[in-house]
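Listing of model.txt, compact mmCIF, C-alpha atoms
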```txt
# COMPACT_ATOMS: atom_id res chain seq x y z
CA MET A 1 17.54 45.69 -67.19
CA ALA A 2 18.11 42.50 -65.26
CA GLY A 3 15.52 39.77 -65.51
CA SER A 4 14.50 36.95 -63.23
CA THR A 5 15.14 33.32 -64.07
CA PHE A 6 15.21 29.79 -62.67
CA PRO A 7 18.41 28.65 -60.91
CA LYS A 8 19.17 25.21 -62.33
CA GLY A 9 20.21 24.19 -65.84
CA GLY A 10 18.84 25.63 -69.03
CA VAL A 11 20.45 26.44 -72.38
CA HIS A 12 20.73 29.31 -74.86
CA PRO A 13 19.91 28.00 -78.35
CA GLU A 14 20.02 30.28 -81.38
CA GLU A 15 16.70 32.12 -81.46
CA HIS A 16 15.94 32.52 -85.19
CA LYS A 17 13.01 34.75 -84.21
CA GLU A 18 14.13 37.46 -86.63
CA LEU A 19 12.43 35.48 -89.42
CA THR A 20 8.92 36.37 -88.16
CA GLU A 21 9.01 38.60 -85.07
CA HIS A 22 8.45 41.78 -87.14
CA LEU A 23 5.74 40.27 -89.37
CA ALA A 24 2.20 41.37 -88.48
CA ILE A 25 -0.47 38.71 -88.03
CA GLU A 26 -2.01 37.87 -91.39
CA GLU A 27 -5.35 36.12 -91.88
CA MET A 28 -5.17 33.16 -94.23
CA PRO A 29 -8.31 32.62 -96.36
CA ALA A 30 -10.36 29.61 -95.31
CA PRO A 31 -9.40 26.47 -97.26
CA GLY A 32 -11.85 24.43 -99.33
CA GLN A 33 -11.72 21.57 -96.82
CA VAL A 34 -10.86 21.26 -93.14
CA VAL A 35 -9.92 18.13 -91.18
CA LEU A 36 -10.82 18.33 -87.48
CA PRO A 37 -9.29 15.52 -85.37
CA LEU A 38 -11.38 14.24 -82.47
CA SER A 39 -8.24 14.26 -80.31
CA MET A 40 -6.65 17.69 -80.12
CA HIS A 41 -6.61 18.14 -76.36
CA PHE A 42 -5.24 16.38 -73.28
CA GLY A 43 -7.72 13.69 -72.25
CA ALA A 44 -10.28 11.47 -73.94
CA ALA A 45 -11.15 11.77 -77.62
CA ALA A 46 -14.35 13.66 -78.36
CA LYS A 47 -17.38 11.79 -79.72
CA PRO A 48 -19.05 13.14 -82.88
CA VAL A 49 -22.55 14.60 -82.63
CA VAL A 50 -22.80 15.09 -86.43
CA LYS A 51 -23.15 12.65 -89.33
CA LYS A 52 -21.90 12.32 -92.89
CA LYS A 53 -23.62 14.71 -95.37
CA GLN A 54 -24.91 16.89 -92.51
CA GLN A 55 -24.85 20.65 -93.02
CA VAL A 56 -22.85 22.49 -90.33
CA GLN A 57 -22.29 26.13 -89.52
CA GLU A 58 -19.07 27.89 -88.56
CA GLY A 59 -18.75 27.60 -84.78
CA GLU A 60 -21.21 24.67 -84.50
CA VAL A 61 -20.38 21.84 -82.08
CA LEU A 62 -19.10 18.76 -83.95
CA ALA A 63 -17.98 16.53 -81.06
CA ILE A 64 -18.15 16.51 -77.27
CA VAL A 65 -16.50 14.84 -74.28
CA GLU A 66 -19.22 14.06 -71.75
CA LYS A 67 -17.81 12.37 -68.67
CA ALA A 68 -14.04 12.31 -69.17
CA LEU A 69 -11.37 14.98 -69.31
CA GLY A 70 -11.51 16.80 -72.62
CA ALA A 71 -12.93 19.67 -74.66
CA SER A 72 -15.63 20.14 -77.28
CA ILE A 73 -14.70 20.55 -80.95
CA HIS A 74 -16.38 23.08 -83.22
CA SER A 75 -16.56 23.50 -86.97
CA SER A 76 -14.15 26.12 -88.30
CA VAL A 77 -16.15 26.63 -91.52
CA THR A 78 -19.70 26.47 -92.83
CA GLY A 79 -20.21 23.47 -95.10
CA VAL A 80 -21.06 19.77 -95.32
CA VAL A 81 -19.61 16.86 -93.36
CA LYS A 82 -17.84 14.83 -96.04
CA SER A 83 -16.75 11.98 -93.77
CA ILE A 84 -15.68 10.90 -90.29
CA GLU A 85 -12.58 8.78 -90.81
CA PRO A 86 -8.96 8.22 -89.68
CA ARG A 87 -6.65 10.98 -90.91
CA PRO A 88 -2.99 11.95 -90.25
CA HIS A 89 -2.38 13.68 -86.91
CA PRO A 90 0.63 15.82 -85.89
CA THR A 91 1.47 13.76 -82.78
CA MET A 92 -0.71 10.61 -82.88
CA VAL A 93 0.20 9.47 -86.44
CA ARG A 94 -3.49 8.88 -87.27
CA CYS A 95 -6.72 9.78 -85.53
CA ASP A 96 -10.45 9.84 -86.32
CA ALA A 97 -11.42 13.22 -87.72
CA VAL A 98 -14.45 15.11 -89.03
CA VAL A 99 -13.81 16.21 -92.64
CA ILE A 100 -15.83 19.22 -93.80
CA GLU A 101 -16.18 20.61 -97.32
CA ARG A 102 -16.53 24.38 -97.03
CA ASP A 103 -19.41 26.19 -98.67
CA PRO A 104 -17.64 28.99 -100.59
CA SER A 105 -20.83 31.05 -100.78
CA ALA A 106 -21.36 31.14 -97.01
CA PRO A 107 -20.43 34.42 -95.30
CA ALA A 108 -18.09 34.42 -92.30
CA ARG A 109 -19.91 34.21 -88.99
CA GLN A 110 -20.35 37.49 -87.14
CA TYR A 111 -20.36 37.73 -83.34
CA GLU A 112 -21.99 40.32 -81.11
CA THR A 113 -20.11 41.50 -78.05
CA GLU A 114 -21.39 42.03 -74.53
CA ASP A 115 -20.04 43.29 -71.22
CA TRP A 116 -18.41 40.33 -69.48
CA ARG A 117 -18.52 42.22 -66.16
CA LYS A 118 -22.24 41.49 -65.95
CA LEU A 119 -21.56 37.75 -65.91
CA SER A 120 -20.88 35.73 -62.77
CA ARG A 121 -17.76 33.61 -62.24
CA GLU A 122 -19.82 30.52 -62.96
CA GLN A 123 -21.20 31.98 -66.20
CA LEU A 124 -17.73 32.97 -67.40
CA LEU A 125 -16.34 29.52 -66.63
CA ALA A 126 -19.26 27.93 -68.48
CA ARG A 127 -18.46 30.02 -71.57
CA VAL A 128 -14.84 28.90 -71.44
CA LYS A 129 -15.99 25.27 -71.33
CA GLU A 130 -18.61 25.68 -74.07
CA ALA A 131 -15.99 27.31 -76.32
CA GLY A 132 -13.81 24.19 -76.17
CA LEU A 133 -10.78 26.11 -74.90
CA VAL A 134 -7.51 24.30 -74.23
CA GLY A 135 -4.02 25.48 -73.36
CA LEU A 136 -2.49 26.81 -76.56
CA GLY A 137 1.11 26.73 -75.46
CA GLY A 138 1.67 23.05 -74.68
CA ALA A 139 -0.26 19.81 -74.28
CA GLY A 140 -3.73 21.28 -74.82
CA PHE A 141 -5.04 20.80 -71.28
CA PRO A 142 -8.74 21.81 -71.05
CA THR A 143 -8.86 25.41 -69.82
CA HIS A 144 -12.11 25.11 -67.84
CA VAL A 145 -10.52 22.34 -65.76
CA LYS A 146 -7.37 24.36 -65.14
CA LEU A 147 -9.49 27.31 -63.99
CA SER A 148 -11.33 25.06 -61.51
CA PRO A 149 -8.65 24.16 -58.92
CA PRO A 150 -9.78 21.98 -55.99
CA PRO A 151 -11.28 23.81 -52.99
CA THR A 152 -8.26 22.85 -50.91
CA ALA A 153 -5.92 24.77 -53.24
CA LYS A 154 -5.23 28.28 -51.98
CA VAL A 155 -4.57 30.00 -55.28
CA ASP A 156 -3.52 33.63 -54.97
CA THR A 157 -1.59 34.36 -58.18
CA LEU A 158 -2.29 34.19 -61.91
CA ILE A 159 0.77 34.04 -64.17
CA LEU A 160 0.45 34.91 -67.84
CA ASN A 161 3.17 33.14 -69.77
CA GLY A 162 4.69 35.52 -72.32
CA ALA A 163 8.11 33.87 -72.32
CA GLU A 164 7.76 32.11 -75.68
CA CYS A 165 11.25 30.72 -75.16
CA GLU A 166 11.23 28.19 -78.04
CA PRO A 167 13.39 29.30 -80.98
CA TYR A 168 11.56 30.49 -84.13
CA LEU A 169 8.13 30.87 -82.48
CA THR A 170 6.69 34.41 -82.37
CA THR A 171 2.93 33.84 -82.05
CA ASP A 172 2.55 35.17 -78.49
CA HIS A 173 4.98 38.02 -79.21
CA ARG A 174 2.82 39.28 -82.07
CA ILE A 175 -0.42 38.79 -80.10
CA MET A 176 0.95 40.95 -77.28
CA LEU A 177 1.96 43.66 -79.74
CA GLU A 178 -1.28 43.64 -81.70
CA TYR A 179 -3.94 42.81 -79.08
CA PRO A 180 -2.59 44.17 -75.76
CA GLY A 181 -5.99 45.45 -74.61
CA LYS A 182 -7.63 42.08 -75.23
CA ILE A 183 -4.87 40.32 -73.28
CA VAL A 184 -5.41 42.65 -70.33
CA GLN A 185 -9.17 42.09 -70.45
CA GLY A 186 -8.59 38.33 -70.70
CA ALA A 187 -6.44 38.53 -67.57
CA LYS A 188 -9.22 40.36 -65.73
CA ILE A 189 -11.73 37.70 -66.78
CA ILE A 190 -9.48 34.90 -65.51
CA LEU A 191 -8.90 36.77 -62.23
CA LYS A 192 -12.67 37.02 -61.76
CA ILE A 193 -13.15 33.32 -62.51
CA LEU A 194 -10.45 32.41 -59.96
CA GLY A 195 -11.64 34.98 -57.43
CA ILE A 196 -8.16 36.45 -56.93
CA LYS A 197 -6.49 39.83 -57.50
CA GLN A 198 -2.82 39.23 -58.32
CA CYS A 199 -1.47 38.69 -61.82
CA ILE A 200 2.12 38.62 -63.13
CA LEU A 201 2.82 38.77 -66.86
CA GLY A 202 6.28 37.30 -67.49
CA ILE A 203 8.01 38.28 -70.75
CA GLU A 204 11.59 37.46 -71.76
CA LEU A 205 13.87 40.44 -72.28
CA ASN A 206 14.34 39.64 -75.97
CA LYS A 207 10.87 41.15 -76.51
CA PRO A 208 11.38 44.75 -75.26
CA ASP A 209 8.62 46.06 -77.54
CA ALA A 210 6.12 43.60 -76.02
CA ILE A 211 7.22 44.56 -72.50
CA ASN A 212 6.66 48.25 -73.28
CA VAL A 213 3.30 47.70 -74.99
CA MET A 214 1.96 45.44 -72.25
CA ASN A 215 3.22 47.77 -69.50
CA LYS A 216 1.29 50.62 -71.11
CA ALA A 217 -1.84 48.49 -71.51
CA VAL A 218 -1.68 47.39 -67.87
CA GLN A 219 -1.22 50.94 -66.60
CA GLU A 220 -4.11 52.24 -68.69
CA SER A 221 -6.46 49.44 -67.66
CA PHE A 222 -5.61 48.74 -64.04
CA GLY A 223 -4.76 52.18 -62.72
CA ASP A 224 -7.96 52.67 -60.74
CA GLU A 225 -8.83 49.08 -59.88
CA ASP A 226 -8.19 47.03 -56.76
CA LEU A 227 -5.99 44.58 -58.63
CA ASN A 228 -2.26 43.89 -58.33
CA VAL A 229 -1.10 43.36 -61.91
CA ARG A 230 2.45 43.81 -63.17
CA VAL A 231 4.69 43.00 -66.12
CA GLN A 232 8.01 41.37 -65.21
CA GLY A 233 10.97 40.92 -67.54
CA MET A 234 12.82 37.62 -67.45
CA GLU A 235 16.28 36.53 -68.50
CA VAL A 236 16.46 34.95 -71.94
CA LYS A 237 17.05 31.30 -71.14
CA TYR A 238 15.39 28.12 -72.35
CA PRO A 239 13.08 26.60 -70.98
CA GLN A 240 11.96 29.78 -69.21
CA GLY A 241 8.37 29.23 -70.37
CA SER A 242 7.97 25.81 -68.73
CA GLU A 243 5.45 26.06 -65.89
CA LYS A 244 7.70 25.04 -62.99
CA GLN A 245 10.63 27.17 -64.19
CA LEU A 246 8.34 30.12 -64.93
CA ILE A 247 6.71 29.97 -61.50
CA TYR A 248 10.08 29.96 -59.75
CA SER A 249 11.36 32.79 -61.94
CA LEU A 250 8.41 35.03 -61.11
CA THR A 251 7.45 34.05 -57.55
CA ASN A 252 10.39 32.12 -56.03
CA ARG A 253 7.96 29.28 -55.33
CA ALA A 254 9.13 25.75 -56.11
CA VAL A 255 6.48 23.27 -57.29
CA PRO A 256 7.19 19.97 -55.48
CA GLY A 257 8.05 16.78 -57.35
CA GLY A 258 4.85 15.27 -58.72
CA GLY A 259 3.01 18.46 -57.78
CA LEU A 260 0.99 20.97 -59.79
CA PRO A 261 1.13 24.80 -59.90
CA PHE A 262 -1.92 25.18 -57.68
CA ASP A 263 0.01 23.35 -54.95
CA VAL A 264 2.01 26.58 -54.54
CA GLY A 265 -0.96 28.89 -55.09
CA VAL A 266 -0.44 29.60 -58.80
CA ILE A 267 -2.39 29.16 -62.03
CA VAL A 268 -0.49 29.65 -65.31
CA GLN A 269 -2.11 30.66 -68.59
CA ASN A 270 -0.54 31.11 -72.00
CA ILE A 271 -0.94 34.43 -73.88
CA SER A 272 -2.83 32.84 -76.80
CA THR A 273 -5.14 31.05 -74.36
CA THR A 274 -5.82 34.34 -72.57
CA LEU A 275 -6.90 35.89 -75.88
CA ALA A 276 -9.21 32.92 -76.48
CA VAL A 277 -10.71 33.36 -72.98
CA PHE A 278 -11.45 37.00 -73.83
CA GLU A 279 -13.22 36.02 -77.08
CA ALA A 280 -15.20 33.27 -75.37
CA ALA A 281 -16.32 35.61 -72.59
CA ILE A 282 -17.39 38.63 -74.62
CA MET A 283 -18.61 36.90 -77.81
CA SER A 284 -19.26 33.27 -76.82
CA LYS A 285 -16.84 32.49 -79.66
CA PRO A 286 -15.58 28.89 -79.76
CA LEU A 287 -11.92 28.06 -80.35
CA TYR A 288 -11.73 27.19 -84.05
CA GLU A 289 -9.11 29.60 -85.38
CA LYS A 290 -5.75 30.65 -84.00
CA VAL A 291 -2.48 32.42 -84.73
CA VAL A 292 0.36 30.08 -85.76
CA THR A 293 3.99 30.84 -86.66
CA PHE A 294 5.19 29.27 -89.92
CA SER A 295 8.94 29.69 -90.07
CA GLY A 296 12.28 28.21 -91.04
CA ARG A 297 14.52 28.92 -93.99
CA ALA A 298 12.94 26.26 -96.18
CA ILE A 299 9.54 27.98 -96.45
CA ASN A 300 9.44 30.61 -99.18
CA ARG A 301 7.49 33.12 -97.09
CA PRO A 302 7.64 32.86 -93.28
CA ALA A 303 4.56 34.30 -91.58
CA ASN A 304 2.43 34.61 -88.47
CA LEU A 305 -0.92 33.40 -89.81
CA LYS A 306 -4.38 33.39 -88.29
CA VAL A 307 -5.68 30.06 -89.61
CA LYS A 308 -8.76 27.93 -89.26
CA VAL A 309 -8.24 24.88 -87.04
CA GLY A 310 -8.29 21.88 -89.37
CA THR A 311 -6.39 23.62 -92.19
CA LEU A 312 -4.00 21.15 -93.84
CA LEU A 313 -0.30 21.96 -93.97
CA SER A 314 -0.40 21.41 -97.72
CA ASP A 315 -2.81 24.36 -98.04
CA VAL A 316 -0.58 26.53 -95.83
CA VAL A 317 2.53 25.64 -97.87
CA ASN A 318 0.75 26.52 -101.10
CA TYR A 319 -0.44 29.83 -99.63
CA LEU A 320 3.12 30.68 -98.53
CA GLY A 321 4.68 29.93 -101.91
CA GLY A 322 6.07 26.44 -101.37
CA THR A 323 9.39 25.24 -99.98
CA ARG A 324 13.03 24.94 -101.04
CA ASP A 325 15.87 22.74 -99.73
CA LEU A 326 13.40 21.20 -97.25
CA LEU A 327 14.94 18.62 -94.94
CA LYS A 328 12.57 18.42 -91.98
CA ILE A 329 9.12 19.66 -90.91
CA VAL A 330 8.52 20.16 -87.19
CA SER A 331 5.19 20.77 -85.44
CA GLY A 332 6.00 23.12 -82.58
CA GLY A 333 9.43 24.49 -81.74
CA PRO A 334 12.75 22.79 -82.50
CA MET A 335 13.35 21.87 -78.85
CA MET A 336 10.04 20.19 -77.94
CA GLY A 337 8.31 19.78 -81.28
CA PHE A 338 7.54 16.61 -83.26
CA ALA A 339 8.78 15.80 -86.74
CA ILE A 340 6.08 15.52 -89.41
CA SER A 341 6.38 13.41 -92.53
CA ASP A 342 3.06 14.24 -94.19
CA LEU A 343 1.76 17.61 -95.45
CA GLU A 344 -1.80 16.30 -95.12
CA VAL A 345 -1.55 16.87 -91.35
CA PRO A 346 -4.01 19.50 -90.03
CA ILE A 347 -3.44 22.45 -87.74
CA VAL A 348 -4.91 21.52 -84.35
CA LYS A 349 -5.82 23.64 -81.35
CA ALA A 350 -2.44 23.26 -79.64
CA THR A 351 -0.33 23.96 -82.75
CA SER A 352 1.85 26.95 -81.85
CA GLY A 353 4.10 26.81 -84.88
CA VAL A 354 5.26 24.71 -87.80
CA LEU A 355 8.90 24.85 -88.91
CA PHE A 356 10.26 24.09 -92.36
CA LEU A 357 13.97 23.50 -91.83
CA ASN A 358 16.72 23.24 -94.43
CA SER A 359 19.99 21.31 -94.33
CA LYS A 360 21.77 24.10 -92.44
CA GLU A 361 19.15 24.29 -89.69
CA THR A 362 18.86 20.68 -88.64
CA ASP A 363 21.07 17.65 -88.17
CA VAL A 364 19.86 14.19 -89.13
CA GLY A 365 23.18 12.41 -88.68
CA GLU A 366 23.79 9.29 -86.61
CA TYR A 367 24.29 9.51 -82.85
CA GLY A 368 27.12 7.90 -80.91
CA PRO A 369 27.65 6.24 -77.52
CA CYS A 370 27.54 8.21 -74.27
CA ILE A 371 30.97 9.65 -73.38
CA HIS A 372 29.94 10.40 -69.75
CA CYS A 373 30.77 14.11 -70.04
CA GLY A 374 27.93 15.09 -67.68
CA GLY A 375 26.78 17.93 -69.93
CA CYS A 376 23.19 16.70 -69.97
CA MET A 377 23.05 16.68 -66.16
CA GLU A 378 24.28 20.27 -66.00
CA ALA A 379 21.76 21.41 -68.62
CA CYS A 380 18.71 19.63 -67.16
CA PRO A 381 16.47 22.22 -65.43
CA MET A 382 14.98 19.45 -63.26
CA GLY A 383 18.37 18.17 -62.03
CA LEU A 384 17.88 14.70 -63.54
CA SER A 385 20.35 12.19 -65.04
CA PRO A 386 19.38 11.90 -68.72
CA MET A 387 22.51 9.93 -69.58
CA GLU A 388 21.59 7.15 -67.13
CA VAL A 389 18.08 6.92 -68.57
CA GLY A 390 19.53 6.60 -72.08
CA ILE A 391 22.01 3.90 -71.08
CA TYR A 392 19.27 1.87 -69.34
CA VAL A 393 16.92 2.14 -72.33
CA GLU A 394 19.64 0.98 -74.73
CA ALA A 395 20.26 -2.00 -72.45
CA GLY A 396 16.56 -2.94 -72.57
CA LYS A 397 16.04 -1.87 -68.95
CA GLY A 398 14.05 1.34 -69.38
CA HIS A 399 11.51 0.10 -66.84
CA LEU A 400 14.15 0.55 -64.12
CA THR A 401 14.66 4.31 -64.66
CA GLU A 402 12.00 5.64 -62.33
CA LYS A 403 14.70 6.02 -59.65
CA TYR A 404 16.36 8.58 -61.93
CA GLY A 405 13.23 10.76 -61.87
CA VAL A 406 12.21 10.09 -65.45
CA PHE A 407 8.60 11.09 -64.75
CA GLU A 408 9.81 14.52 -63.64
CA CYS A 409 11.23 14.95 -67.15
CA PHE A 410 9.00 17.26 -69.21
CA GLU A 411 11.00 16.58 -72.37
CA CYS A 412 12.35 20.10 -72.85
CA GLY A 413 15.28 18.85 -74.95
CA CYS A 414 18.08 20.67 -73.11
CA CYS A 415 19.95 17.38 -72.64
CA GLY A 416 19.91 16.43 -76.29
CA TYR A 417 20.83 19.99 -77.30
CA VAL A 418 24.12 19.94 -75.39
CA CYS A 419 25.05 16.29 -76.02
CA PRO A 420 28.28 16.13 -78.07
CA ALA A 421 27.36 12.60 -79.18
CA ARG A 422 24.00 13.85 -80.49
CA ARG A 423 22.16 11.21 -78.47
CA PRO A 424 18.31 11.29 -78.65
CA LEU A 425 17.94 11.66 -74.90
CA VAL A 426 14.38 12.98 -75.00
CA GLN A 427 13.28 9.99 -77.08
CA PHE A 428 15.01 7.68 -74.60
CA ALA A 429 13.05 9.31 -71.77
CA ARG A 430 9.78 8.84 -73.66
CA LEU A 431 10.57 5.17 -74.24
CA ALA A 432 11.47 4.73 -70.56
CA LYS A 433 8.10 6.15 -69.47
CA ILE A 434 6.28 3.79 -71.84
CA GLN A 435 8.24 0.80 -70.56
CA ILE A 436 7.63 1.69 -66.91
CA LYS A 437 3.88 1.92 -67.54
CA LYS A 438 3.91 -1.43 -69.34
CA HIS A 439 5.59 -3.00 -66.33
CA GLY A 440 2.93 -1.55 -64.06
```

Is it possible to give me this structure as structure tokens?
Amino acid sequence: MAGSTFPKGGVHPEEHKELTEHLAIEEMPAPGQVVLPLSMHFGAAAKPVVKKKQQVQEGEVLAIVEKALGASIHSSVTGVVKSIEPRPHPTMVRCDAVVIERDPSAPARQYETEDWRKLSREQLLARVKEAGLVGLGGAGFPTHVKLSPPPTAKVDTLILNGAECEPYLTTDHRIMLEYPGKIVQGAKIILKILGIKQCILGIELNKPDAINVMNKAVQESFGDEDLNVRVQGMEVKYPQGSEKQLIYSLTNRAVPGGGLPFDVGVIVQNISTTLAVFEAAIMSKPLYEKVVTFSGRAINRPANLKVKVGTLLSDVVNYLGGTRDLLKIVSGGPMMGFAISDLEVPIVKATSGVLFLNSKETDVGEYGPCIHCGGCMEACPMGLSPMEVGIYVEAGKGHLTEKYGVFECFECGCCGYVCPARRPLVQFARLAKIQIKKHG
């Protein structure tokens, strides 16, 4: 079975998905304390609406973003607000957070379901916003904003991103296998919100079981409806799950430089986000728990865990039996993730996985000078010149790299992966962007 793909660049890193792809989703017991950062979405930090020593219920609003881009934050447990103070953050180093001591005697919150078909597009969108939904496969962009494209955008296609092309990560794979009906219903809800009828679910060919399960779910659910929904297999190639590459793979539409998916009539949603949309629509359930892959050969028991947002990594490590020969911890996948140095970091809304890597899985050696082999240019899916950006940054001239398209770089890591000198090309690109902004 041949799959579609994007035409330029890309790499084929070792997948390491065998560690967790056959492990069913397991629910981790709620910890004694959760730490909920006020910044766990793209946009402005949320402002607390609770105070120290206040009693809060599971699912209760803790913080809101009123006039800026952002998403509300809800309590993931019933308990008492212990403090609002700076705490470690997976990508921001430190960030203000609401710390809650869980009440061990409180029962888990129960939700009643209702027929989402009776709700209008506006009501469904309002539930998505009230639930504090953000994209669960990347930067955490607020979902209600993404589902509200400008009136001038002629959106005709919804793409569900089931590529999950990062090595190790299997969260979306397991969700498709275990909740296919909910994913299909989530797709229908999003189609109603957008007012369109076409949906493509793209899944890489290394997940044949997910392709079969989702095909069956689609056929059973959409057979008698006036909707054009299909599952499409894609070639296994990283970064197949990146929005621009995914859109081209599935529709042959190229998002212009500096453009957004709706510029070519497309809205992309992650599988985990689609499940969260379903739960928000039928239960008015906020986003305060999610499925996360914990993998790598340095964790004693790899797993796909359903965890409360705000759970500390230290609690997860204890639950999974500790670590051995641990060299590096990465939040996210090995290609685009961020190294973590503190186990007191919490799981946030956009955490898709956490990797515990041993000395055979990661390289922390020194990097060398550029040898001008051109490998990074061939691997770059955006057709950029990573080596030039790196050379300029090392020379203290990162602010002059805009001509090399550095802002088109989405930091996929293909360049650094193929570099024989092990140069930190993604980090150079990040520094270049910072320097350009400082220079105005």

Using all atoms listed in the file, I'd like a table of the residues in range 116-197 of chain A that come within 10 Å of range 55-61 of chain A; for each, show the closest atom pair and its distance in Å rounded to one decimal, ordered by chain and ascending number, as CSV.
```
residue,atom,partner,partner_atom,distance
A:Glu130,CA,A:Val61,CA,9.1
A:Ala131,CA,A:Gly59,CA,8.9
A:Gly132,CA,A:Val61,CA,9.1
```

Selected residue, from A:Lys306, A:Ile211, A:Pro334, A:Thr171, that lies nearest to Glu361 in chain A when counting all atoms listed in the file: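 Using all atoms listed in the file, Glu361 in chain A sits closest to A:Pro334.
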
Long-range neighbours of range 83-90 of chain A as a PyMOL selection string, 9 Å cut-off, only C-alpha atoms, 3 positions minimum in chain: chain A and resi 35+37+39-40+48+51-53+93-100+331+338-340+342+344-348+351

The distance between CA of Glu235 in chain A and CA of Lys188 in chain A is 25.9 Å

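Nearest to Thr311 in chain A of all the residues A:Lys360, A:Pro239, A:Gly258, A:Tyr288 is A:Tyr288, counting all atoms listed in the file.
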
So, with all atoms listed in the file as the atoms that count, which of A:Cys380, A:Ala45, A:Val330, A:Met387 lies closest to Phe410 in chain A?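 Closest candidate: A:Cys380.
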
In Å, how far is it from CA of Cys415 in chain A to CA of Cys373 in chain A? 11.6 Å

Hey, can I get the axis-aligned box for range 67-86 of chain A? All listed atoms, 6 Å padding on each side, centre and edge lengths in Å to one decimal, as lines of an AutoDock Vina configuration file.
```
center_x = -15.0
center_y = 17.4
center_z = -82.4
size_x = 24.1
size_y = 30.4
size_z = 39.4
```

Which one is closest to Ile183 in chain A: A:Gly257, A:Pro386, A:Gly195, A:Gly162? Count only C-alpha atoms. A:Gly162

Minimum-distance residue to Asn161 in chain A, chosen among A:Glu66, A:Glu204, A:Glu112, A:Glu101 (using all atoms listed in the file):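 Comparing A:Glu66, A:Glu204, A:Glu112, A:Glu101 against Asn161 in chain A, the winner is A:Glu204.
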
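CA of Gly202 in chain A lies 8.8 Å from CA of Ser249 in chain A.
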
Compile the contact shell of His22 in chain A as a PyMOL selection string: residues with an atom at most 12 Å away, counting all atoms listed in the file, same-chain residues fewer than 4 positions apart removed. chain A and resi 17-18+26+169-171+173-175+177-178+207+209-210+293+302-304

Atoms are missing here; could range 254-265 of chain A be completed with N, CA and C atoms and written as a PDB file, in the frame of the given file?
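Produced file part_13.pdb, reproduced below:
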```
ATOM      1  N   ALA A 254       8.705  26.984 -55.447  1.00  0.00           N
ATOM      2  CA  ALA A 254       9.130  25.750 -56.110  1.00  0.00           C
ATOM      3  C   ALA A 254       7.997  24.718 -56.057  1.00  0.00           C
ATOM      4  N   VAL A 255       7.515  24.309 -57.221  1.00  0.00           N
ATOM      5  CA  VAL A 255       6.480  23.270 -57.290  1.00  0.00           C
ATOM      6  C   VAL A 255       7.126  21.941 -56.900  1.00  0.00           C
ATOM      7  N   PRO A 256       6.576  21.229 -55.932  1.00  0.00           N
ATOM      8  CA  PRO A 256       7.190  19.970 -55.480  1.00  0.00           C
ATOM      9  C   PRO A 256       7.143  18.888 -56.543  1.00  0.00           C
ATOM     10  N   GLY A 257       8.035  17.909 -56.427  1.00  0.00           N
ATOM     11  CA  GLY A 257       8.050  16.780 -57.350  1.00  0.00           C
ATOM     12  C   GLY A 257       6.697  16.101 -57.390  1.00  0.00           C
ATOM     13  N   GLY A 258       6.167  15.880 -58.578  1.00  0.00           N
ATOM     14  CA  GLY A 258       4.850  15.270 -58.720  1.00  0.00           C
ATOM     15  C   GLY A 258       3.711  16.233 -58.452  1.00  0.00           C
ATOM     16  N   GLY A 259       4.037  17.481 -58.103  1.00  0.00           N
ATOM     17  CA  GLY A 259       3.010  18.460 -57.780  1.00  0.00           C
ATOM     18  C   GLY A 259       2.554  19.259 -58.986  1.00  0.00           C
ATOM     19  N   LEU A 260       1.545  20.110 -58.760  1.00  0.00           N
ATOM     20  CA  LEU A 260       0.990  20.970 -59.790  1.00  0.00           C
ATOM     21  C   LEU A 260       1.092  22.424 -59.340  1.00  0.00           C
ATOM     22  N   PRO A 261       1.005  23.383 -60.276  1.00  0.00           N
ATOM     23  CA  PRO A 261       1.130  24.800 -59.900  1.00  0.00           C
ATOM     24  C   PRO A 261       0.209  25.240 -58.774  1.00  0.00           C
ATOM     25  N   PHE A 262      -1.023  24.712 -58.746  1.00  0.00           N
ATOM     26  CA  PHE A 262      -1.920  25.180 -57.680  1.00  0.00           C
ATOM     27  C   PHE A 262      -1.464  24.724 -56.291  1.00  0.00           C
ATOM     28  N   ASP A 263      -0.536  23.760 -56.244  1.00  0.00           N
ATOM     29  CA  ASP A 263       0.010  23.350 -54.950  1.00  0.00           C
ATOM     30  C   ASP A 263       0.805  24.471 -54.298  1.00  0.00           C
ATOM     31  N   VAL A 264       1.285  25.424 -55.094  1.00  0.00           N
ATOM     32  CA  VAL A 264       2.010  26.580 -54.540  1.00  0.00           C
ATOM     33  C   VAL A 264       1.225  27.868 -54.790  1.00  0.00           C
ATOM     34  N   GLY A 265      -0.091  27.718 -55.009  1.00  0.00           N
ATOM     35  CA  GLY A 265      -0.960  28.890 -55.090  1.00  0.00           C
ATOM     36  C   GLY A 265      -0.960  29.622 -56.415  1.00  0.00           C
TER      37      GLY A 265
END
```
